[in-house]
file data39.txt (compact mmCIF, N, CA and C atoms)
# COMPACT_ATOMS: atom_id res chain seq x y z
N GLN A 1 7.81 19.87 2.45
CA GLN A 1 8.41 18.55 2.36
C GLN A 1 7.37 17.50 2.73
N VAL A 2 7.09 16.61 1.80
CA VAL A 2 6.12 15.55 2.03
C VAL A 2 6.85 14.32 2.56
N GLN A 3 6.34 13.78 3.62
CA GLN A 3 6.90 12.55 4.17
C GLN A 3 5.84 11.47 4.20
N VAL A 4 6.26 10.26 3.84
CA VAL A 4 5.38 9.10 3.85
C VAL A 4 6.04 8.03 4.71
N VAL A 5 5.31 7.57 5.70
CA VAL A 5 5.88 6.61 6.65
C VAL A 5 4.97 5.39 6.77
N GLU A 6 5.55 4.22 6.53
CA GLU A 6 4.79 2.97 6.67
C GLU A 6 5.09 2.34 8.03
N SER A 7 4.14 1.55 8.48
CA SER A 7 4.35 0.74 9.69
C SER A 7 3.60 -0.57 9.52
N GLY A 8 3.99 -1.53 10.31
CA GLY A 8 3.40 -2.86 10.20
C GLY A 8 4.36 -3.76 9.47
N GLY A 9 3.86 -4.83 8.93
CA GLY A 9 4.72 -5.79 8.26
C GLY A 9 5.29 -6.79 9.25
N GLY A 10 6.06 -7.73 8.71
CA GLY A 10 6.66 -8.75 9.55
C GLY A 10 6.52 -10.12 8.94
N LEU A 11 6.63 -11.13 9.79
CA LEU A 11 6.57 -12.52 9.36
C LEU A 11 5.22 -13.11 9.74
N VAL A 12 4.58 -13.80 8.82
CA VAL A 12 3.29 -14.43 9.07
C VAL A 12 3.23 -15.75 8.34
N GLN A 13 2.47 -16.69 8.88
CA GLN A 13 2.33 -17.99 8.24
C GLN A 13 1.32 -17.92 7.10
N PRO A 14 1.45 -18.79 6.12
CA PRO A 14 0.46 -18.84 5.04
C PRO A 14 -0.95 -18.99 5.60
N GLY A 15 -1.87 -18.22 5.03
CA GLY A 15 -3.24 -18.23 5.51
C GLY A 15 -3.51 -17.21 6.59
N GLY A 16 -2.47 -16.58 7.09
CA GLY A 16 -2.60 -15.61 8.16
C GLY A 16 -2.96 -14.21 7.66
N SER A 17 -3.03 -13.29 8.61
CA SER A 17 -3.39 -11.91 8.30
C SER A 17 -2.35 -10.94 8.84
N LEU A 18 -2.30 -9.80 8.20
CA LEU A 18 -1.36 -8.75 8.61
C LEU A 18 -1.92 -7.40 8.17
N GLY A 19 -1.63 -6.36 8.94
CA GLY A 19 -2.08 -5.03 8.58
C GLY A 19 -0.92 -4.08 8.42
N LEU A 20 -1.01 -3.24 7.41
CA LEU A 20 -0.02 -2.19 7.17
C LEU A 20 -0.69 -0.84 7.31
N SER A 21 0.05 0.13 7.81
CA SER A 21 -0.45 1.49 7.94
C SER A 21 0.50 2.46 7.27
N CYS A 22 -0.07 3.53 6.75
CA CYS A 22 0.73 4.54 6.07
C CYS A 22 0.21 5.92 6.45
N ALA A 23 1.13 6.80 6.79
CA ALA A 23 0.77 8.17 7.15
C ALA A 23 1.57 9.14 6.30
N ALA A 24 0.89 10.09 5.69
CA ALA A 24 1.54 11.11 4.89
C ALA A 24 1.40 12.46 5.59
N SER A 25 2.45 13.25 5.54
CA SER A 25 2.42 14.58 6.14
C SER A 25 3.06 15.57 5.18
N GLY A 26 2.64 16.80 5.27
CA GLY A 26 3.20 17.86 4.44
C GLY A 26 2.36 18.24 3.25
N SER A 27 1.41 17.39 2.90
CA SER A 27 0.51 17.69 1.78
C SER A 27 -0.68 16.73 1.83
N ILE A 28 -1.79 17.19 1.30
CA ILE A 28 -2.95 16.30 1.16
C ILE A 28 -2.72 15.43 -0.06
N CYS A 29 -3.03 14.16 0.06
CA CYS A 29 -2.82 13.23 -1.03
C CYS A 29 -4.09 13.13 -1.88
N ARG A 30 -3.94 13.26 -3.19
CA ARG A 30 -5.07 13.04 -4.09
C ARG A 30 -5.46 11.57 -4.09
N PHE A 31 -4.46 10.73 -4.08
CA PHE A 31 -4.73 9.34 -3.76
C PHE A 31 -3.52 8.74 -3.05
N MET A 32 -3.77 7.67 -2.35
CA MET A 32 -2.73 6.93 -1.68
C MET A 32 -2.80 5.49 -2.14
N GLY A 33 -1.66 4.84 -2.12
CA GLY A 33 -1.66 3.47 -2.61
C GLY A 33 -0.56 2.64 -2.00
N TRP A 34 -0.70 1.36 -2.19
CA TRP A 34 0.30 0.40 -1.78
C TRP A 34 0.83 -0.34 -3.00
N TYR A 35 2.13 -0.44 -3.09
CA TYR A 35 2.81 -1.21 -4.11
C TYR A 35 3.73 -2.20 -3.41
N ARG A 36 4.21 -3.19 -4.15
CA ARG A 36 5.14 -4.14 -3.57
C ARG A 36 6.19 -4.54 -4.58
N GLN A 37 7.32 -4.97 -4.05
CA GLN A 37 8.40 -5.43 -4.91
C GLN A 37 9.04 -6.65 -4.29
N ALA A 38 8.95 -7.76 -5.01
CA ALA A 38 9.58 -9.00 -4.58
C ALA A 38 10.99 -9.07 -5.16
N PRO A 39 11.87 -9.85 -4.55
CA PRO A 39 13.25 -9.96 -5.06
C PRO A 39 13.27 -10.38 -6.53
N GLY A 40 14.02 -9.63 -7.32
CA GLY A 40 14.15 -9.96 -8.74
C GLY A 40 12.98 -9.57 -9.60
N LYS A 41 11.99 -8.89 -9.01
CA LYS A 41 10.82 -8.50 -9.78
C LYS A 41 10.64 -6.99 -9.74
N GLU A 42 9.82 -6.49 -10.66
CA GLU A 42 9.54 -5.07 -10.70
C GLU A 42 8.49 -4.72 -9.64
N ARG A 43 8.48 -3.46 -9.26
CA ARG A 43 7.47 -2.99 -8.33
C ARG A 43 6.10 -3.06 -9.00
N GLU A 44 5.10 -3.54 -8.27
CA GLU A 44 3.78 -3.69 -8.84
C GLU A 44 2.73 -3.09 -7.91
N LEU A 45 1.63 -2.68 -8.54
CA LEU A 45 0.52 -2.11 -7.78
C LEU A 45 -0.17 -3.18 -6.97
N VAL A 46 -0.53 -2.83 -5.73
CA VAL A 46 -1.33 -3.71 -4.90
C VAL A 46 -2.75 -3.14 -4.77
N ALA A 47 -2.84 -1.90 -4.33
CA ALA A 47 -4.15 -1.27 -4.15
C ALA A 47 -3.98 0.23 -4.05
N THR A 48 -4.97 0.97 -4.55
CA THR A 48 -4.98 2.42 -4.42
C THR A 48 -6.36 2.88 -4.00
N ILE A 49 -6.41 4.06 -3.40
CA ILE A 49 -7.68 4.64 -2.99
C ILE A 49 -7.61 6.15 -3.15
N PHE A 50 -8.64 6.70 -3.81
CA PHE A 50 -8.70 8.14 -4.02
C PHE A 50 -9.34 8.82 -2.81
N THR A 51 -8.90 10.04 -2.56
CA THR A 51 -9.44 10.81 -1.46
C THR A 51 -10.91 11.14 -1.69
N VAL A 52 -11.22 11.60 -2.89
CA VAL A 52 -12.59 11.97 -3.22
C VAL A 52 -13.34 10.75 -3.72
N GLY A 53 -14.41 10.41 -3.05
CA GLY A 53 -15.23 9.28 -3.46
C GLY A 53 -14.74 7.93 -2.98
N SER A 54 -13.53 7.91 -2.38
CA SER A 54 -12.95 6.66 -1.87
C SER A 54 -12.95 5.55 -2.92
N ILE A 55 -12.71 5.92 -4.15
CA ILE A 55 -12.65 4.92 -5.22
C ILE A 55 -11.41 4.05 -5.02
N LYS A 56 -11.62 2.74 -5.05
CA LYS A 56 -10.53 1.81 -4.79
C LYS A 56 -10.19 1.00 -6.04
N ASN A 57 -8.94 0.59 -6.11
CA ASN A 57 -8.48 -0.24 -7.20
C ASN A 57 -7.54 -1.29 -6.63
N TYR A 58 -7.72 -2.54 -7.06
CA TYR A 58 -6.91 -3.64 -6.56
C TYR A 58 -6.27 -4.41 -7.70
N ALA A 59 -5.09 -4.94 -7.44
CA ALA A 59 -4.50 -5.90 -8.36
C ALA A 59 -5.34 -7.18 -8.33
N ASP A 60 -5.44 -7.84 -9.46
CA ASP A 60 -6.24 -9.07 -9.52
C ASP A 60 -5.74 -10.11 -8.50
N SER A 61 -4.46 -10.12 -8.26
CA SER A 61 -3.87 -11.14 -7.38
C SER A 61 -4.26 -10.98 -5.92
N VAL A 62 -4.79 -9.81 -5.55
CA VAL A 62 -5.13 -9.59 -4.14
C VAL A 62 -6.62 -9.35 -3.93
N LYS A 63 -7.40 -9.28 -5.00
CA LYS A 63 -8.83 -9.02 -4.87
C LYS A 63 -9.49 -10.09 -4.01
N GLY A 64 -10.32 -9.64 -3.08
CA GLY A 64 -11.00 -10.57 -2.19
C GLY A 64 -10.20 -10.94 -0.96
N ARG A 65 -8.91 -10.59 -0.96
CA ARG A 65 -8.07 -10.92 0.20
C ARG A 65 -7.56 -9.67 0.92
N PHE A 66 -7.27 -8.62 0.16
CA PHE A 66 -6.74 -7.38 0.72
C PHE A 66 -7.81 -6.30 0.69
N THR A 67 -7.76 -5.42 1.67
CA THR A 67 -8.67 -4.29 1.73
C THR A 67 -7.90 -3.03 2.07
N ILE A 68 -8.07 -2.01 1.24
CA ILE A 68 -7.44 -0.72 1.50
C ILE A 68 -8.49 0.22 2.06
N SER A 69 -8.09 1.02 3.03
CA SER A 69 -9.00 2.00 3.63
C SER A 69 -8.26 3.30 3.85
N ARG A 70 -9.03 4.36 4.00
CA ARG A 70 -8.46 5.70 4.04
C ARG A 70 -9.10 6.50 5.17
N ASP A 71 -8.28 7.28 5.86
CA ASP A 71 -8.80 8.27 6.80
C ASP A 71 -8.36 9.63 6.26
N ASN A 72 -9.27 10.31 5.60
CA ASN A 72 -8.91 11.58 4.96
C ASN A 72 -8.48 12.64 5.96
N ALA A 73 -9.10 12.64 7.12
CA ALA A 73 -8.76 13.65 8.13
C ALA A 73 -7.33 13.49 8.62
N LYS A 74 -6.89 12.24 8.70
CA LYS A 74 -5.54 11.97 9.19
C LYS A 74 -4.54 11.80 8.06
N ASN A 75 -5.03 11.75 6.81
CA ASN A 75 -4.15 11.54 5.65
C ASN A 75 -3.39 10.22 5.78
N THR A 76 -4.14 9.18 6.10
CA THR A 76 -3.55 7.86 6.26
C THR A 76 -4.26 6.84 5.37
N ALA A 77 -3.58 5.76 5.10
CA ALA A 77 -4.16 4.66 4.33
C ALA A 77 -3.66 3.35 4.92
N ASP A 78 -4.60 2.47 5.21
CA ASP A 78 -4.26 1.17 5.77
C ASP A 78 -4.52 0.06 4.75
N LEU A 79 -3.76 -1.00 4.88
CA LEU A 79 -3.95 -2.16 4.03
C LEU A 79 -4.10 -3.39 4.92
N GLN A 80 -5.29 -3.97 4.90
CA GLN A 80 -5.53 -5.20 5.64
C GLN A 80 -5.35 -6.37 4.70
N MET A 81 -4.45 -7.27 5.06
CA MET A 81 -4.13 -8.39 4.20
C MET A 81 -4.55 -9.69 4.88
N ASN A 82 -5.45 -10.42 4.25
CA ASN A 82 -5.94 -11.68 4.78
C ASN A 82 -5.58 -12.83 3.84
N THR A 83 -5.64 -14.03 4.35
CA THR A 83 -5.36 -15.24 3.57
C THR A 83 -4.05 -15.08 2.79
N LEU A 84 -3.04 -14.70 3.50
CA LEU A 84 -1.75 -14.42 2.86
C LEU A 84 -1.12 -15.68 2.29
N LYS A 85 -0.43 -15.49 1.17
CA LYS A 85 0.24 -16.58 0.47
C LYS A 85 1.74 -16.29 0.40
N PRO A 86 2.54 -17.34 0.23
CA PRO A 86 3.99 -17.10 0.11
C PRO A 86 4.35 -16.12 -1.00
N GLU A 87 3.56 -16.10 -2.08
CA GLU A 87 3.84 -15.19 -3.18
C GLU A 87 3.51 -13.74 -2.84
N ASP A 88 2.93 -13.48 -1.68
CA ASP A 88 2.72 -12.11 -1.23
C ASP A 88 3.97 -11.53 -0.57
N THR A 89 4.97 -12.37 -0.38
CA THR A 89 6.22 -11.91 0.23
C THR A 89 6.88 -10.85 -0.64
N ALA A 90 7.16 -9.71 -0.04
CA ALA A 90 7.73 -8.58 -0.78
C ALA A 90 7.98 -7.43 0.18
N VAL A 91 8.65 -6.42 -0.32
CA VAL A 91 8.72 -5.15 0.39
C VAL A 91 7.52 -4.32 -0.09
N TYR A 92 6.75 -3.85 0.84
CA TYR A 92 5.55 -3.09 0.52
C TYR A 92 5.83 -1.60 0.72
N TYR A 93 5.47 -0.83 -0.30
CA TYR A 93 5.71 0.61 -0.30
C TYR A 93 4.38 1.37 -0.35
N CYS A 94 4.32 2.44 0.42
CA CYS A 94 3.16 3.33 0.36
C CYS A 94 3.51 4.55 -0.47
N THR A 95 2.55 5.03 -1.20
CA THR A 95 2.76 6.23 -1.99
C THR A 95 1.65 7.23 -1.79
N CYS A 96 2.00 8.49 -1.90
CA CYS A 96 1.04 9.59 -1.84
C CYS A 96 1.22 10.41 -3.11
N ARG A 97 0.15 10.55 -3.87
CA ARG A 97 0.18 11.45 -5.03
C ARG A 97 -0.56 12.71 -4.64
N THR A 98 0.15 13.84 -4.77
CA THR A 98 -0.45 15.11 -4.39
C THR A 98 -1.35 15.65 -5.50
N TYR A 99 -2.05 16.72 -5.22
CA TYR A 99 -2.90 17.35 -6.24
C TYR A 99 -2.05 18.02 -7.31
N GLY A 100 -0.77 18.19 -7.06
CA GLY A 100 0.15 18.66 -8.08
C GLY A 100 0.74 17.53 -8.90
N ASN A 101 0.22 16.30 -8.66
CA ASN A 101 0.66 15.10 -9.39
C ASN A 101 2.11 14.73 -9.15
N TYR A 102 2.59 15.01 -7.95
CA TYR A 102 3.90 14.51 -7.54
C TYR A 102 3.68 13.26 -6.68
N ASP A 103 4.54 12.28 -6.89
CA ASP A 103 4.48 11.03 -6.12
C ASP A 103 5.57 11.01 -5.06
N TYR A 104 5.16 10.69 -3.86
CA TYR A 104 6.10 10.54 -2.76
C TYR A 104 5.98 9.13 -2.20
N TRP A 105 7.11 8.55 -1.86
CA TRP A 105 7.15 7.15 -1.44
C TRP A 105 7.72 7.01 -0.04
N GLY A 106 7.24 5.98 0.66
CA GLY A 106 7.82 5.63 1.93
C GLY A 106 9.06 4.78 1.74
N GLN A 107 9.66 4.38 2.84
CA GLN A 107 10.91 3.64 2.78
C GLN A 107 10.68 2.15 2.56
N GLY A 108 9.44 1.70 2.71
CA GLY A 108 9.12 0.30 2.50
C GLY A 108 9.13 -0.49 3.79
N THR A 109 8.30 -1.54 3.82
CA THR A 109 8.25 -2.43 4.98
C THR A 109 8.17 -3.87 4.48
N GLN A 110 8.92 -4.75 5.10
CA GLN A 110 9.02 -6.13 4.64
C GLN A 110 7.83 -6.95 5.13
N VAL A 111 7.24 -7.69 4.22
CA VAL A 111 6.22 -8.68 4.56
C VAL A 111 6.72 -10.04 4.08
N THR A 112 6.82 -10.98 5.00
CA THR A 112 7.29 -12.32 4.67
C THR A 112 6.23 -13.33 5.07
N VAL A 113 5.79 -14.13 4.10
CA VAL A 113 4.79 -15.17 4.35
C VAL A 113 5.48 -16.51 4.22
N SER A 114 5.64 -17.17 5.34
CA SER A 114 6.40 -18.42 5.35
C SER A 114 6.04 -19.24 6.57
N SER A 115 6.09 -20.55 6.41
CA SER A 115 5.85 -21.44 7.54
C SER A 115 7.18 -21.81 8.22
call {"tool": "encode", "arguments": {"input": "data39.txt", "output": "structure tokens"}}
result
Amino acid sequence: QVQVVESGGGLVQPGGSLGLSCAASGSICRFMGWYRQAPGKERELVATIFTVGSIKNYADSVKGRFTISRDNAKNTADLQMNTLKPEDTAVYYCTCRTYGNYDYWGQGTQVTVSS
């Protein structure tokens, strides 16, 4: 049984910073990623990172502001979010794709950017 658990999130003012953490257990993840879903919108990719080579991919909307990092030994992935904007407000989900190409998702954590 693979479990994915997110932590972090909360309320931050525009221009502020916030960090999210994700831990997967039960299987090694081929890659881990962060997605988000704002009210009334579809879930969208934020950033992903592969275990091998630490290859990273970012959505254009967060490039230069967000940084994803990985601890392979701990099977964790963190997302550092800087210069946050109101449009970054969403529920953020962590995902783990196993080497069997199964995707497992966390329960989500709310990020609200507002003054």
call {"tool": "closest_residue", "arguments": {"input": "data39.txt", "among": "A:Gly40, A:Gly26, A:Gly33, A:Gly106", "to": "Asn57 of chain A", "atoms": "only C-alpha atoms"}}
result
A:Gly33
call {"tool": "closest_residue", "arguments": {"input": "data39.txt", "among": "A:Thr109, A:Thr48, A:Thr95, A:Ser114", "to": "Gly9 of chain A", "atoms": "only N, CA and C atoms"}}
result
A:Thr109
call {"tool": "atom_distance", "arguments": {"input": "data39.txt", "atom1": "atom CA of Trp105 of chain A", "atom2": "atom CA of Thr89 of chain A"}}
result
19.2 Å
call {"tool": "atom_distance", "arguments": {"input": "data39.txt", "atom1": "atom N of Gln3 of chain A", "atom2": "atom CA of Tyr93 of chain A"}}
result
13.8 Å
call {"tool": "closest_residue", "arguments": {"input": "data39.txt", "among": "A:Ala59, A:Val113, A:Ala90, A:Ala77", "to": "Arg30 of chain A", "atoms": "only C-alpha atoms"}}
result
A:Ala77
call {"tool": "closest_residue", "arguments": {"input": "data39.txt", "among": "A:Lys74, A:Ser17, A:Lys56, A:Tyr35", "to": "Tyr92 of chain A", "atoms": "all atoms listed in the file"}}
result
A:Tyr35
call {"tool": "residues_around", "arguments": {"input": "data39.txt", "residues": "Arg65 of chain A", "least_positions_apart": "4", "cutoff": "7 Å", "atoms": "only N, CA and C atoms", "output": "list in words"}}
result
Ser61, Gln80, Met81, Asn82 and Thr83 of chain A
call {"tool": "closest_residue", "arguments": {"input": "data39.txt", "among": "A:Tyr58, A:Glu6, A:Ser27, A:Gln1", "to": "Asn75 of chain A", "atoms": "all atoms listed in the file"}}
result
A:Ser27
